[in-house]
file work07.cif (mmCIF, C-alpha atoms and all ligand atoms)
data_entry
#
loop_
_atom_site.label_atom_id
_atom_site.label_comp_id
_atom_site.auth_asym_id
_atom_site.auth_seq_id
_atom_site.Cartn_x
_atom_site.Cartn_y
_atom_site.Cartn_z
CA MET A 1 8.43 31.16 -5.83
CA ASN A 2 11.30 29.30 -7.49
CA THR A 3 10.09 26.30 -9.51
CA LYS A 4 12.71 23.59 -10.05
CA SER A 5 12.52 21.07 -12.91
CA HIS A 6 13.44 17.40 -12.68
CA ASP A 7 13.33 14.38 -14.96
CA VAL A 8 11.40 12.41 -12.36
CA VAL A 9 9.47 13.45 -9.25
CA ILE A 10 8.42 10.67 -6.87
CA VAL A 11 5.60 11.24 -4.37
CA GLY A 12 5.93 8.86 -1.41
CA ALA A 13 8.99 7.32 0.22
CA GLY A 14 7.56 4.00 1.34
CA PRO A 15 9.24 0.84 0.01
CA THR A 16 8.01 1.48 -3.57
CA GLY A 17 9.24 5.09 -3.81
CA LEU A 18 12.54 4.27 -2.09
CA ALA A 19 13.21 1.29 -4.40
CA LEU A 20 12.37 3.38 -7.47
CA GLY A 21 14.48 6.35 -6.33
CA ALA A 22 17.48 4.18 -5.41
CA GLU A 23 17.38 2.23 -8.68
CA LEU A 24 17.05 5.45 -10.71
CA SER A 25 20.14 6.80 -8.89
CA ARG A 26 22.01 3.57 -9.64
CA LEU A 27 21.12 4.04 -13.31
CA GLY A 28 22.46 7.61 -13.18
CA ILE A 29 19.11 9.45 -13.08
CA SER A 30 18.50 11.80 -10.19
CA SER A 31 14.97 12.25 -8.94
CA PHE A 32 13.14 14.48 -6.47
CA ILE A 33 11.53 12.29 -3.81
CA MET A 34 9.13 13.74 -1.28
CA ASP A 35 7.08 12.40 1.59
CA LYS A 36 4.56 14.07 3.86
CA GLN A 37 5.81 12.31 7.01
CA HIS A 38 8.59 13.89 9.12
CA ALA A 39 10.39 10.52 9.21
CA GLY A 40 9.95 7.04 7.81
CA ALA A 41 7.42 4.84 9.61
CA ASN A 42 9.10 2.72 12.28
CA THR A 43 6.54 -0.06 12.52
CA SER A 44 6.88 -3.66 11.48
CA ARG A 45 3.95 -4.01 8.95
CA ALA A 46 4.83 -6.14 5.88
CA ALA A 47 7.32 -8.76 7.01
CA VAL A 48 7.60 -11.21 4.11
CA ILE A 49 10.28 -10.66 1.44
CA HIS A 50 10.03 -13.06 -1.47
CA ALA A 51 12.77 -14.43 -3.74
CA ARG A 52 11.93 -12.18 -6.71
CA THR A 53 12.28 -9.07 -4.52
CA LEU A 54 15.69 -10.27 -3.29
CA GLU A 55 16.69 -10.79 -6.94
CA VAL A 56 15.64 -7.31 -8.11
CA LEU A 57 17.33 -5.63 -5.12
CA GLN A 58 20.64 -7.45 -5.69
CA PRO A 59 22.11 -4.89 -8.17
CA LEU A 60 21.36 -2.20 -5.56
CA ASP A 61 23.39 -4.11 -2.99
CA ALA A 62 20.39 -4.15 -0.66
CA THR A 63 19.92 -7.93 -0.65
CA THR A 64 23.05 -8.82 1.32
CA GLU A 65 22.04 -6.48 4.14
CA LEU A 66 18.47 -7.77 4.12
CA LEU A 67 19.78 -11.33 4.37
CA SER A 68 21.97 -10.39 7.32
CA LEU A 69 18.95 -9.01 9.24
CA GLY A 70 16.10 -11.30 8.26
CA VAL A 71 15.13 -14.88 9.08
CA ILE A 72 15.46 -17.38 6.24
CA VAL A 73 12.34 -19.55 5.98
CA PRO A 74 12.33 -22.37 3.40
CA PHE A 75 8.78 -23.70 4.01
CA PHE A 76 5.17 -22.50 4.00
CA ARG A 77 2.90 -25.06 5.71
CA ILE A 78 -0.86 -25.13 5.46
CA ARG A 79 -2.52 -26.97 8.33
CA ASP A 80 -5.98 -27.71 9.60
CA ARG A 81 -5.15 -27.23 13.28
CA ASP A 82 -2.65 -30.08 13.87
CA ARG A 83 -2.98 -31.83 10.51
CA VAL A 84 -0.56 -30.77 7.75
CA LEU A 85 -2.53 -30.33 4.50
CA ALA A 86 0.35 -29.15 2.28
CA THR A 87 3.94 -28.00 2.45
CA ILE A 88 5.23 -25.44 -0.02
CA ASP A 89 8.94 -26.03 -0.26
CA PHE A 90 10.86 -23.06 -1.70
CA ARG A 91 14.20 -24.96 -1.72
CA GLU A 92 13.66 -26.27 -5.26
CA LEU A 93 13.08 -22.81 -6.76
CA LYS A 94 15.58 -21.90 -9.49
CA THR A 95 16.89 -18.75 -7.87
CA SER A 96 19.84 -17.68 -5.74
CA TYR A 97 17.31 -17.16 -2.92
CA PRO A 98 15.29 -20.40 -2.59
CA PHE A 99 13.37 -19.27 0.51
CA THR A 100 11.25 -16.51 1.99
CA LEU A 101 12.93 -13.91 4.15
CA MET A 102 11.11 -12.57 7.20
CA CYS A 103 12.15 -8.98 7.94
CA PRO A 104 10.04 -6.12 9.38
CA GLN A 105 9.14 -3.37 6.91
CA ASN A 106 10.86 -0.61 8.90
CA LEU A 107 14.20 -2.44 8.49
CA THR A 108 13.57 -2.94 4.76
CA GLU A 109 12.81 0.77 4.39
CA GLU A 110 15.94 1.73 6.39
CA ILE A 111 18.09 -0.38 4.08
CA LEU A 112 16.51 1.06 0.92
CA LEU A 113 16.94 4.61 2.27
CA ARG A 114 20.61 3.94 3.04
CA ARG A 115 21.12 2.62 -0.52
CA LEU A 116 19.35 5.69 -1.94
CA GLU A 117 21.52 8.04 0.14
CA GLY A 118 24.67 6.05 -0.64
CA LEU A 119 23.93 6.65 -4.32
CA GLY A 120 23.55 10.40 -3.78
CA GLY A 121 19.76 10.61 -3.42
CA THR A 122 17.69 12.04 -0.60
CA VAL A 123 14.08 12.17 0.61
CA HIS A 124 12.61 15.65 1.03
CA ARG A 125 10.30 15.70 4.06
CA PRO A 126 7.89 16.74 5.32
CA CYS A 127 6.49 17.72 1.91
CA GLU A 128 2.79 17.11 1.35
CA VAL A 129 1.49 17.16 -2.19
CA GLU A 130 -1.67 19.23 -2.57
CA THR A 131 -2.31 19.59 -6.30
CA ILE A 132 -1.03 18.28 -9.59
CA GLN A 133 -1.40 19.85 -12.99
CA ALA A 134 -0.55 17.89 -16.10
CA PHE A 135 0.70 19.49 -19.30
CA ALA A 136 1.67 17.93 -22.64
CA ASP A 137 5.41 17.75 -21.85
CA ASP A 138 5.57 17.83 -18.08
CA VAL A 139 3.68 17.91 -14.77
CA GLU A 140 3.56 20.60 -12.10
CA VAL A 141 3.33 19.49 -8.48
CA ARG A 142 2.36 21.84 -5.67
CA PHE A 143 3.34 20.73 -2.20
CA ARG A 144 3.59 22.21 1.27
CA ASP A 145 6.78 22.08 3.31
CA GLN A 146 7.94 23.94 6.44
CA HIS A 147 8.44 27.11 4.35
CA GLY A 148 4.96 27.09 2.80
CA LEU A 149 3.64 26.23 -0.65
CA GLN A 150 6.28 25.08 -3.16
CA THR A 151 6.24 23.96 -6.78
CA VAL A 152 8.29 21.45 -8.76
CA ARG A 153 7.97 20.42 -12.37
CA ALA A 154 8.87 17.02 -13.76
CA LYS A 155 8.99 15.28 -17.10
CA TRP A 156 7.54 12.26 -15.28
CA LEU A 157 5.63 12.14 -11.99
CA VAL A 158 5.34 8.81 -10.16
CA GLY A 159 2.70 8.35 -7.48
CA CYS A 160 4.13 5.94 -4.89
CA ASP A 161 1.87 7.54 -2.30
CA GLY A 162 0.01 4.49 -1.05
CA MET A 163 -3.57 3.29 -1.06
CA HIS A 164 -5.14 6.75 -0.67
CA SER A 165 -2.94 8.20 -3.42
CA ILE A 166 -3.55 11.87 -4.13
CA VAL A 167 -1.65 11.42 -7.41
CA ARG A 168 -4.11 8.74 -8.56
CA GLU A 169 -7.05 10.82 -7.39
CA GLN A 170 -5.92 14.01 -9.13
CA ALA A 171 -5.08 12.13 -12.31
CA ALA A 172 -8.67 10.80 -12.14
CA ILE A 173 -7.54 7.19 -12.56
CA PRO A 174 -10.32 4.84 -11.34
CA PHE A 175 -9.37 2.37 -8.57
CA LYS A 176 -11.84 -0.47 -8.99
CA GLY A 177 -12.48 -3.32 -6.60
CA GLY A 178 -14.10 -3.91 -3.24
CA ALA A 179 -13.53 -4.63 0.44
CA TYR A 180 -13.53 -7.79 2.56
CA ASP A 181 -15.93 -8.18 5.49
CA GLU A 182 -13.25 -9.26 7.94
CA ASP A 183 -10.59 -7.17 9.64
CA PHE A 184 -7.01 -8.43 9.86
CA VAL A 185 -5.20 -8.23 13.18
CA LEU A 186 -1.43 -8.50 13.51
CA ALA A 187 0.84 -8.97 16.48
CA ASP A 188 4.61 -9.28 16.80
CA VAL A 189 5.15 -11.41 19.90
CA GLU A 190 7.67 -13.25 21.97
CA MET A 191 6.39 -16.75 22.63
CA ASP A 192 7.15 -20.40 23.20
CA TRP A 193 6.46 -22.08 19.87
CA ALA A 194 7.23 -25.75 19.31
CA LEU A 195 6.90 -25.73 15.50
CA GLY A 196 10.23 -24.06 15.00
CA ARG A 197 11.55 -21.05 13.11
CA ASP A 198 12.02 -22.41 9.61
CA GLU A 199 8.39 -22.40 8.53
CA VAL A 200 5.52 -20.00 8.00
CA ASN A 201 2.36 -21.76 9.20
CA LEU A 202 -1.14 -21.02 8.01
CA PHE A 203 -3.75 -22.74 10.17
CA PHE A 204 -7.36 -23.27 9.14
CA SER A 205 -9.83 -23.86 11.96
CA GLU A 206 -13.54 -23.67 12.75
CA LYS A 207 -12.97 -20.18 14.20
CA GLY A 208 -11.09 -18.77 11.21
CA LEU A 209 -7.49 -18.58 10.10
CA VAL A 210 -4.29 -17.71 11.90
CA VAL A 211 -0.81 -17.36 10.43
CA VAL A 212 2.34 -17.72 12.54
CA ALA A 213 5.73 -16.76 11.10
CA PRO A 214 9.17 -16.23 12.63
CA LEU A 215 10.67 -12.73 12.85
CA PRO A 216 14.19 -11.56 13.75
CA LYS A 217 15.18 -11.24 17.45
CA GLY A 218 13.48 -14.57 18.21
CA ARG A 219 10.01 -13.05 17.75
CA PHE A 220 6.97 -14.30 15.84
CA ARG A 221 4.32 -12.58 13.74
CA ILE A 222 0.71 -13.63 14.30
CA VAL A 223 -1.89 -12.64 11.69
CA ALA A 224 -5.59 -13.48 11.96
CA THR A 225 -8.93 -12.50 10.49
CA VAL A 226 -11.58 -11.27 12.91
CA ASN A 227 -15.24 -10.31 12.53
CA ASP A 228 -15.58 -8.45 15.82
CA ASP A 229 -13.52 -6.28 18.16
CA ALA A 230 -11.80 -9.28 19.74
CA GLU A 231 -8.04 -9.05 19.79
CA ASN A 232 -6.98 -11.62 22.33
CA PHE A 233 -4.04 -13.18 20.53
CA GLN A 234 -3.56 -16.01 23.04
CA GLN A 235 -7.21 -16.96 22.60
CA ILE A 236 -6.85 -16.75 18.80
CA LEU A 237 -3.83 -19.10 18.97
CA ASP A 238 -5.61 -21.48 21.36
CA GLU A 239 -8.76 -21.66 19.22
CA ARG A 240 -7.14 -21.76 15.79
CA GLY A 241 -3.54 -22.93 16.13
CA PRO A 242 -2.11 -26.36 16.99
CA ARG A 243 -3.87 -28.29 19.77
CA ASP A 244 -1.11 -30.76 20.52
CA ARG A 245 1.74 -28.22 20.76
CA PRO A 246 0.02 -24.88 21.60
CA GLY A 247 1.96 -21.62 21.48
CA ARG A 248 2.35 -19.60 24.69
CA ILE A 249 2.68 -15.83 24.24
CA ARG A 250 5.09 -14.24 26.71
CA GLU A 251 5.00 -10.65 25.47
CA ILE A 252 3.17 -8.69 22.79
CA VAL A 253 5.61 -6.24 21.19
CA TRP A 254 3.44 -4.54 18.55
CA THR A 255 -0.12 -4.92 17.25
CA SER A 256 -2.12 -3.49 14.43
CA ARG A 257 -5.53 -3.92 12.90
CA PHE A 258 -6.57 -3.13 9.38
CA HIS A 259 -9.49 -3.51 7.03
CA ILE A 260 -8.47 -4.75 3.63
CA GLN A 261 -9.60 -3.99 0.14
CA HIS A 262 -8.81 -5.44 -3.25
CA ARG A 263 -8.44 -2.83 -5.97
CA VAL A 264 -6.38 -2.21 -9.09
CA ALA A 265 -5.94 1.13 -10.86
CA ARG A 266 -7.43 1.17 -14.35
CA SER A 267 -4.08 2.36 -15.75
CA LEU A 268 -0.58 2.90 -14.39
CA LEU A 269 0.26 5.54 -16.98
CA LYS A 270 -1.79 8.58 -17.89
CA GLY A 271 -0.03 11.29 -19.85
CA ARG A 272 3.11 11.98 -17.81
CA ILE A 273 1.79 10.49 -14.58
CA LEU A 274 2.63 6.96 -13.41
CA LEU A 275 1.43 4.89 -10.46
CA ALA A 276 3.31 2.15 -8.56
CA GLY A 277 2.92 0.12 -5.36
CA ASP A 278 -0.17 0.47 -3.17
CA ALA A 279 -1.19 3.54 -5.17
CA ALA A 280 -1.74 1.14 -8.07
CA HIS A 281 -2.95 -2.03 -6.36
CA VAL A 282 -4.08 -3.15 -2.92
CA HIS A 283 -5.11 -6.62 -1.83
CA SER A 284 -5.29 -9.09 1.00
CA PRO A 285 -2.01 -9.75 2.90
CA ALA A 286 -2.45 -13.48 2.16
CA GLY A 287 0.89 -14.72 0.86
CA GLY A 288 2.65 -11.44 1.79
CA GLN A 289 2.59 -10.02 -1.74
CA GLY A 290 1.86 -6.28 -1.17
CA MET A 291 5.22 -4.72 -0.44
CA ASN A 292 6.98 -7.21 -2.73
CA THR A 293 4.87 -6.26 -5.73
CA GLY A 294 5.43 -2.56 -4.98
CA ILE A 295 9.22 -2.88 -4.76
CA GLN A 296 9.25 -4.86 -8.03
CA ASP A 297 7.05 -2.19 -9.68
CA GLY A 298 9.55 0.46 -8.54
CA VAL A 299 12.74 -1.28 -9.65
CA SER A 300 11.33 -2.24 -13.08
CA LEU A 301 9.91 1.26 -13.60
CA ALA A 302 13.39 2.76 -13.13
CA THR A 303 14.67 0.86 -16.19
CA ALA A 304 11.62 1.83 -18.26
CA LEU A 305 12.04 5.50 -17.30
CA GLN A 306 15.74 5.36 -18.17
CA ARG A 307 14.90 3.98 -21.64
CA THR A 308 12.21 6.56 -22.22
CA LEU A 309 14.35 9.46 -21.03
CA SER A 310 17.23 8.44 -23.27
CA SER A 311 15.16 7.62 -26.38
CA GLY A 312 12.36 10.16 -26.02
CA ASP A 313 9.99 7.32 -26.88
CA ASP A 314 7.29 6.18 -24.42
CA LYS A 315 7.27 2.57 -25.66
CA ALA A 316 9.23 1.27 -22.66
CA LEU A 317 6.68 2.82 -20.29
CA ASP A 318 3.76 1.36 -22.24
CA GLU A 319 5.40 -2.07 -22.01
CA TRP A 320 6.09 -1.57 -18.30
CA GLN A 321 2.46 -0.65 -17.69
CA ALA A 322 1.14 -3.70 -19.58
CA ARG A 323 3.49 -6.05 -17.71
CA ARG A 324 2.91 -4.64 -14.24
CA LEU A 325 -0.88 -4.28 -14.64
CA LYS A 326 -1.05 -7.97 -15.48
CA VAL A 327 1.03 -8.81 -12.40
CA ALA A 328 -1.25 -6.60 -10.25
CA HIS A 329 -4.38 -8.36 -11.53
CA ASP A 330 -2.78 -11.80 -11.06
CA VAL A 331 -1.75 -10.97 -7.49
CA VAL A 332 -5.20 -9.60 -6.60
CA THR A 333 -6.88 -12.71 -8.06
CA MET A 334 -4.52 -15.10 -6.26
CA THR A 335 -4.71 -13.37 -2.87
CA ASP A 336 -8.50 -13.08 -3.21
CA ARG A 337 -8.79 -16.85 -3.80
CA ILE A 338 -6.57 -17.64 -0.81
CA THR A 339 -8.48 -15.20 1.41
CA LYS A 340 -11.92 -16.50 0.41
CA ALA A 341 -10.80 -20.13 0.78
CA ALA A 342 -9.28 -19.40 4.19
CA THR A 343 -12.24 -17.45 5.54
CA THR A 344 -15.20 -19.38 4.14
CA SER A 345 -17.86 -20.24 6.74
CA SER A 346 -19.44 -22.99 4.63
CA SER A 347 -18.66 -26.48 6.00
CA SER A 348 -18.87 -28.10 2.56
CA LEU A 349 -16.52 -25.50 1.05
CA LYS A 350 -14.08 -26.02 3.95
CA LEU A 351 -14.07 -29.75 3.26
CA PHE A 352 -13.58 -29.19 -0.49
CA ARG A 353 -10.81 -26.64 0.21
CA ASN A 354 -8.91 -29.06 2.44
CA VAL A 355 -9.20 -31.91 -0.09
CA VAL A 356 -7.91 -29.67 -2.92
CA ILE A 357 -5.01 -28.36 -0.81
CA GLU A 358 -4.04 -31.87 0.29
CA LEU A 359 -4.09 -32.94 -3.35
CA ILE A 360 -1.82 -30.03 -4.32
CA GLY A 361 0.48 -31.02 -1.45
CA HIS A 362 0.85 -34.47 -3.00
CA ILE A 363 1.57 -33.29 -6.55
CA PRO A 364 5.15 -31.97 -6.70
CA ALA A 365 4.53 -30.01 -9.94
CA ALA A 366 1.48 -28.25 -8.46
CA GLN A 367 3.36 -27.51 -5.25
CA GLN A 368 6.29 -26.04 -7.23
CA ALA A 369 3.91 -23.94 -9.35
CA LEU A 370 2.53 -22.47 -6.11
CA ALA A 371 6.07 -21.79 -4.83
CA LYS A 372 6.89 -19.97 -8.11
CA THR A 373 3.74 -17.87 -7.84
CA LEU A 374 4.11 -16.96 -4.16
CA SER A 375 7.82 -16.13 -4.52
CA GLU A 376 6.94 -14.02 -7.60
CA VAL A 377 9.85 -15.56 -9.59
CA ARG A 378 7.11 -16.35 -12.11
CA TYR A 379 7.12 -12.62 -12.99
CA ARG A 380 10.75 -12.39 -14.16
C1 LIG B 401 -0.56 -2.10 9.69
C2 LIG B 401 -0.15 -2.63 8.34
C3 LIG B 401 0.25 -3.94 8.23
C4 LIG B 401 0.60 -4.46 6.98
N1 LIG B 401 0.98 -5.76 6.91
C5 LIG B 401 1.32 -6.27 5.72
C6 LIG B 401 1.73 -7.62 5.60
O1 LIG B 401 1.78 -8.35 6.59
N2 LIG B 401 2.07 -8.08 4.37
C7 LIG B 401 2.01 -7.27 3.24
O2 LIG B 401 2.35 -7.71 2.14
N3 LIG B 401 1.63 -5.99 3.33
C8 LIG B 401 1.28 -5.47 4.53
N4 LIG B 401 0.91 -4.20 4.61
C9 LIG B 401 0.90 -3.42 3.39
C10 LIG B 401 2.29 -2.89 3.08
O3 LIG B 401 2.72 -2.18 4.21
C11 LIG B 401 2.18 -2.05 1.81
O4 LIG B 401 1.85 -2.91 0.73
C12 LIG B 401 3.45 -1.29 1.48
O5 LIG B 401 3.80 -0.41 2.50
C13 LIG B 401 3.24 -0.50 0.19
O6 LIG B 401 4.33 0.33 -0.04
P1 LIG B 401 4.17 1.68 -0.85
O7 LIG B 401 5.52 2.30 -0.83
O8 LIG B 401 3.54 1.40 -2.16
O9 LIG B 401 3.13 2.56 -0.04
P2 LIG B 401 3.22 3.09 1.46
O10 LIG B 401 4.09 2.25 2.29
O11 LIG B 401 1.81 3.32 1.88
O12 LIG B 401 3.96 4.50 1.31
C14 LIG B 401 3.32 5.64 0.77
C15 LIG B 401 4.08 6.88 1.21
O13 LIG B 401 3.50 8.02 0.56
C16 LIG B 401 3.45 9.09 1.47
N5 LIG B 401 2.36 10.00 1.05
C17 LIG B 401 1.04 9.74 0.99
N6 LIG B 401 0.36 10.81 0.55
C18 LIG B 401 1.27 11.78 0.33
C19 LIG B 401 1.18 13.15 -0.12
N7 LIG B 401 0.00 13.73 -0.42
N8 LIG B 401 2.32 13.85 -0.23
C20 LIG B 401 3.53 13.29 0.06
N9 LIG B 401 3.66 12.01 0.51
C21 LIG B 401 2.55 11.28 0.63
C22 LIG B 401 3.17 8.44 2.82
O14 LIG B 401 3.61 9.25 3.89
C23 LIG B 401 3.98 7.14 2.71
O15 LIG B 401 5.28 7.27 3.25
C24 LIG B 401 0.56 -3.64 5.83
C25 LIG B 401 0.18 -2.31 5.97
C26 LIG B 401 -0.19 -1.78 7.20
C27 LIG B 401 -0.60 -0.34 7.32
#

call {"tool": "encode", "arguments": {"input": "work07.cif", "output": "structure tokens"}}
result
Amino acid sequence: MNTKSHDVVIVGAGPTGLALGAELSRLGISSFIMDKQHAGANTSRAAVIHARTLEVLQPLDATTELLSLGVIVPFFRIRDRDRVLATIDFRELKTSYPFTLMCPQNLTEEILLRRLEGLGGTVHRPCEVETIQAFADDVEVRFRDQHGLQTVRAKWLVGCDGMHSIVREQAAIPFKGGAYDEDFVLADVEMDWALGRDEVNLFFSEKGLVVVAPLPKGRFRIVATVNDDAENFQQILDERGPRDRPGRIREIVWTSRFHIQHRVARSLLKGRILLAGDAAHVHSPAGGQGMNTGIQDGVSLATALQRTLSSGDDKALDEWQARRLKVAHDVVTMTDRITKAATTSSSSLKLFRNVVIELIGHIPAAQQALAKTLSEVRYR
């Protein structure tokens, strides 16, 4: 067996691994990227791209293409059925991208892959990592491809292999947190929707929450929490969405259901092993932070790896870990608060929640602080 050596091996070619690999290539560092799937996933999944992600992808030339495919949305509105409680206006953000972009994850991944390949990189697939052995100066990765068991060695191994990360597991890095009681259901639909295509709407209601956001091709994304097997999206819209201008679903294009957890890895760096993206942190989809935080982990890690590889000093990686762990904890805390506030069954808490949100909606500084947090420009 011929064992090749690389500066960096990346396990997982989701948005985090692709962003990291492409940015490393842009910085002149080649990496070996592998993924166990035969091809990239072609489903819609995470659809929100925030301003900070568009900023960090600009040097890679990915942002222009994302903008050409996505839907620009300047407002998040929080409503209790028909009543607007607060509007989060992204137009005042100090960024070249004062909005949220709605774009399905498969398109985002296609663009990142094209940028990676345009810069000379490639994804090796299907290659499934089975074991990892860490040494003082490098890491050995054993994986299975169509020819059998293979081995690569790397100065640095980055686990971008998602929530059930084998890299995290084999590095014995604890992944602390818990799970929510509710399931989330998603649907990409074609529908008649009177509230327009320039806002993401989060509706509170007696029956739970529902989010409606525009997608490319005239479609909409519906997201809701459910406590049972029910998945009737028209009924969810009727019972939770606007009463005076109800949406009418014409066609359901794609649906998914998932149970969510909130967890953060105890460390993102252990010896020569690093973690980024869902391998390092998972949380509620409230606010659409998951993929964004992963892409930003990946792009910032590329610079830290470049510094460490050129200086031989791990300081840049220690700093990266401290910075990104704080972001991960902040994102988990924020999304947890939104999720608990949105799904509370207590009538008094619902009343309190609505009063607080209406108050925030009337204080421009508080509203702008929320826009900075959601868009992640706070983490520059
Ligand atoms: C149905 C669904 C809907 C979602 N909706 C939203 C949403 O609305 N908003 C939001 O913010 N987030 C959402 N998410 C989460 C979002 O998709 C993730 O945050 C994002 O994909 C994380 O990217 P990642 O690259 O870190 O990990 P992933 O996208 O999970 O990629 C990990 C990659 O690692 C590969 N891999 C795993 N194990 C191995 C191994 N042993 N060897 C080799 N390769 C391996 C996998 O094949 C995969 O390609 C959703 C997820 C799902 C599943």

call {"tool": "atom_distance", "arguments": {"input": "work07.cif", "atom1": "CA of Ser165 (chain A)", "atom2": "atom N6 of ligand LIG 401 (chain B)"}}
result
5.8 Å

call {"tool": "atom_distance", "arguments": {"input": "work07.cif", "atom1": "CA of Ser44 (chain A)", "atom2": "atom C18 of ligand LIG 401 (chain B)"}}
result
19.9 Å

call {"tool": "atom_distance", "arguments": {"input": "work07.cif", "atom1": "CA of Gly241 (chain A)", "atom2": "CA of Thr255 (chain A)"}}
result
18.4 Å

call {"tool": "closest_atom_pairs", "arguments": {"input": "work07.cif", "of": "chain A", "to": "ligand LIG 401 (chain B)", "cutoff": "8 Å", "atoms": "all atoms listed in the file", "output": "CSV"}}
result
residue,atom,partner,partner_atom,distance
A:Val11,CA,B:LIG401,C20,5.3
A:Gly12,CA,B:LIG401,O13,3.2
A:Ala13,CA,B:LIG401,O15,4.8
A:Gly14,CA,B:LIG401,O7,3.4
A:Pro15,CA,B:LIG401,O7,4.1
A:Thr16,CA,B:LIG401,O7,3.8
A:Gly17,CA,B:LIG401,O7,5.5
A:Leu18,CA,B:LIG401,O7,7.4
A:Met34,CA,B:LIG401,C20,5.8
A:Asp35,CA,B:LIG401,N9,3.6
A:Lys36,CA,B:LIG401,C20,4.0
A:Gln37,CA,B:LIG401,O14,4.9
A:Gly40,CA,B:LIG401,O15,6.5
A:Ala41,CA,B:LIG401,O15,7.1
A:Thr43,CA,B:LIG401,C1,7.9
A:Ser44,CA,B:LIG401,C3,7.4
A:Arg45,CA,B:LIG401,C3,3.8
A:Ala46,CA,B:LIG401,C6,3.4
A:Ala47,CA,B:LIG401,O1,5.6
A:Val48,CA,B:LIG401,N2,6.4
A:Gln105,CA,B:LIG401,O3,7.1
A:Pro126,CA,B:LIG401,C20,7.7
A:Cys127,CA,B:LIG401,C20,5.6
A:Glu128,CA,B:LIG401,N8,3.7
A:Val129,CA,B:LIG401,N8,3.9
A:Glu130,CA,B:LIG401,N7,6.1
A:Phe143,CA,B:LIG401,N8,7.2
A:Cys160,CA,B:LIG401,O8,5.3
A:Asp161,CA,B:LIG401,O13,3.3
A:Gly162,CA,B:LIG401,O11,3.6
A:Met163,CA,B:LIG401,O11,6.1
A:His164,CA,B:LIG401,N6,6.9
A:Ser165,CA,B:LIG401,N6,5.8
A:Ile166,CA,B:LIG401,N7,5.5
A:Val167,CA,B:LIG401,N7,7.5
A:Leu186,CA,B:LIG401,C3,7.2
A:Val223,CA,B:LIG401,O1,7.6
A:Ser256,CA,B:LIG401,C1,5.2
A:Arg257,CA,B:LIG401,C1,6.2
A:Phe258,CA,B:LIG401,C1,6.1
A:Ala276,CA,B:LIG401,O8,6.4
A:Gly277,CA,B:LIG401,O8,3.5
A:Asp278,CA,B:LIG401,O8,4.0
A:Ala279,CA,B:LIG401,O8,6.0
A:Ala280,CA,B:LIG401,O8,7.9
A:Val282,CA,B:LIG401,O4,7.0
A:Ser284,CA,B:LIG401,O2,7.8
A:Pro285,CA,B:LIG401,N2,4.6
A:Ala286,CA,B:LIG401,N2,7.4
A:Gly287,CA,B:LIG401,O2,7.3
A:Gly288,CA,B:LIG401,O2,3.8
A:Gln289,CA,B:LIG401,O2,4.5
A:Gly290,CA,B:LIG401,O2,3.6
A:Met291,CA,B:LIG401,O4,4.0
A:Asn292,CA,B:LIG401,O2,6.7
A:Thr293,CA,B:LIG401,O4,7.9
A:Gly294,CA,B:LIG401,O8,5.2
A:Ile295,CA,B:LIG401,O7,7.5

call {"tool": "residues_around", "arguments": {"input": "work07.cif", "residues": "Ala328 (chain A)", "least_positions_apart": "3", "cutoff": "8 Å", "atoms": "only C-alpha atoms", "output": "PDB file with C-alpha atoms, in the frame of the given file"}}
result
ATOM      1  CA  VAL A 264      -6.380  -2.210  -9.090  1.00  0.00           C
ATOM      2  CA  HIS A 281      -2.950  -2.030  -6.360  1.00  0.00           C
ATOM      3  CA  THR A 293       4.870  -6.260  -5.730  1.00  0.00           C
ATOM      4  CA  ARG A 324       2.910  -4.640 -14.240  1.00  0.00           C
ATOM      5  CA  LEU A 325      -0.880  -4.280 -14.640  1.00  0.00           C
ATOM      6  CA  VAL A 331      -1.750 -10.970  -7.490  1.00  0.00           C
ATOM      7  CA  VAL A 332      -5.200  -9.600  -6.600  1.00  0.00           C
TER       8      VAL A 332
END

call {"tool": "residues_near_point", "arguments": {"input": "work07.cif", "point": "(24.4, -2.3, -9.6)", "cutoff": "7 Å", "atoms": "only C-alpha atoms", "output": "list in words"}}
result
Arg26, Pro59, Leu60 and Asp61 of chain A

call {"tool": "residues_near_point", "arguments": {"input": "work07.cif", "point": "(-12.2, -21.8, 17.4)", "cutoff": "12 Å", "atoms": "only C-alpha atoms", "output": "PyMOL selection string"}}
result
chain A and resi 80-81+203-210+224+226+234-243

call {"tool": "closest_residue", "arguments": {"input": "work07.cif", "among": "A:Thr303, A:Asn354, A:Thr308, A:Gln321", "to": "Lys155 (chain A)", "atoms": "only C-alpha atoms"}}
result
A:Thr308

call {"tool": "axis_aligned_box", "arguments": {"input": "work07.cif", "around": "region 323-326 of chain A", "padding_each_side": "6 Å", "output": "JSON"}}
result
{"center_x": 1.2, "center_y": -6.1, "center_z": -16.0, "size_x": 16.5, "size_y": 15.7, "size_z": 15.5}

call {"tool": "closest_residue", "arguments": {"input": "work07.cif", "among": "A:Val123, A:Ala22, A:Leu69, A:Leu202", "to": "Val56 (chain A)", "atoms": "only C-alpha atoms"}}
result
A:Ala22

call {"tool": "residues_around", "arguments": {"input": "work07.cif", "residues": "Glu55 (chain A)", "least_positions_apart": "3", "cutoff": "10 Å", "atoms": "only C-alpha atoms", "output": "list in words"}}
result
His50, Ala51, Arg52, Gln58, Pro59, Leu60, Ala62, Thr63, Thr95, Ser96, Tyr97, Gln296, Val377 and Arg380 of chain A

call {"tool": "residues_around", "arguments": {"input": "work07.cif", "residues": "Ala341 (chain A)", "least_positions_apart": "4", "cutoff": "12 Å", "atoms": "all atoms listed in the file", "output": "list in words"}}
result
Phe204, Ser205, Gly208, Leu209, Ala286, Met334, Thr335, Asp336, Arg337, Ser345, Ser346, Ser347, Ser348, Leu349, Lys350, Leu351, Phe352, Arg353, Asn354, Val355, Val356 and Ile357 of chain A
